[in-house]
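A.B. asks: One structure, pasted below without further comment.
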Amino acid sequence: MSSNDTDIDDDLVEVIKTMETLIDEAVQVYELDKEKVNVIDDVYNSLKVITNFLGFSVDLYPELLNLPLGSRAVLTPSLDIVIIKPNFKSETKRLDQFSLEEITNILRYGTPALISMARADRIYKNRRVSFLKSATAKLKQLPHTNVDDNDLADKSRHIERVES
């Protein structure tokens, strides 16, 4: 065997090693793609429960979705993104129909906005509930009559309270 034949054999071995590396990488990319789909489904389904409950919509920056200037994008409680194009035509896409990069951008921007809206709603409701509790406590302090409930139910009797 000549040195030229050995060089060819070494080259072939190297090509086969390279092909094996390519196959390994392709299998890993394939597995990650399958995992990506499952993770996006899990995030979508879990987040949808929260956003539907809260009922908030979030205006998104069109740049997050690589939309042209003059476009609008709104994330709805059902996790649909309504896209209004510069020509005023609109389209609706589900969150899970966007690319991994776009979903990440939407979540990176949309989640803090949703938290802010939920916090404001919680504070508002907390104040209203506190007011109602306070009003109820005040109303319970009103002096009660000495009449029992059975007498109040009998409308044929005339009950008069006498103050001294």
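Going through the structure tokens in order, the chains are called A, B, and so on, while each chain numbers its residues from 1 and the ligands are numbered from 1 in the order shown.
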So that I can check the surroundings of Phe53 (chain A), please list as a ChimeraX atom specification every protein, DNA and RNA residue that reaches within 8 Å of it, counting only C-alpha atoms and ignoring chain neighbours fewer than 3 positions away.

C.D. replies: /A:49-50,77

A.B. asks: Could you write out, as number ranges by chain, all the residues of chain A that DSSP marks as helix (DSSP H, G or I)?

C.D. replies: A: 3-54, 62-65, 95-97, 100-140, 149-153

A.B. asks: Can you list, as a list in words, every residue of region 26-138 of chain A that DSSP puts in strand (DSSP E)?

C.D. replies: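 Going through region 26-138 of chain A, the strand (DSSP E) residues come out as Val58, Asp59, Leu60, Arg72, Ala73, Val74, Leu75, Asp80, Ile81, Val82, Ile83, Ile84, Ser90, Glu91, Thr92, Lys93 and Arg94 of chain A.
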
A.B. asks: Can you pull out the residues contacting region 86-92 of chain A? Cut-off 9 Å, using only C-alpha atoms, and skip same-chain residues under 4 positions away; I want them as a PyMOL selection string.

C.D. replies: chain A and resi 68-72+80-82

A.B. asks: Find the nearest atom pair between each residue of region 55-113 of chain A and region 31-40 of chain A for residues within 10 Å, count only C-alpha atoms, give distances in Å to one decimal, sort rows by chain and ascending number, and present the table as a Markdown table.

C.D. replies:
```
| residue | atom | partner | partner_atom | distance |
| --- | --- | --- | --- | --- |
| A:Leu95 | CA | A:Ile40 | CA | 9.1 |
| A:Asp96 | CA | A:Ile40 | CA | 6.5 |
| A:Gln97 | CA | A:Ile40 | CA | 9.6 |
| A:Leu100 | CA | A:Lys36 | CA | 8.2 |
| A:Ile103 | CA | A:Ile40 | CA | 8.7 |
```
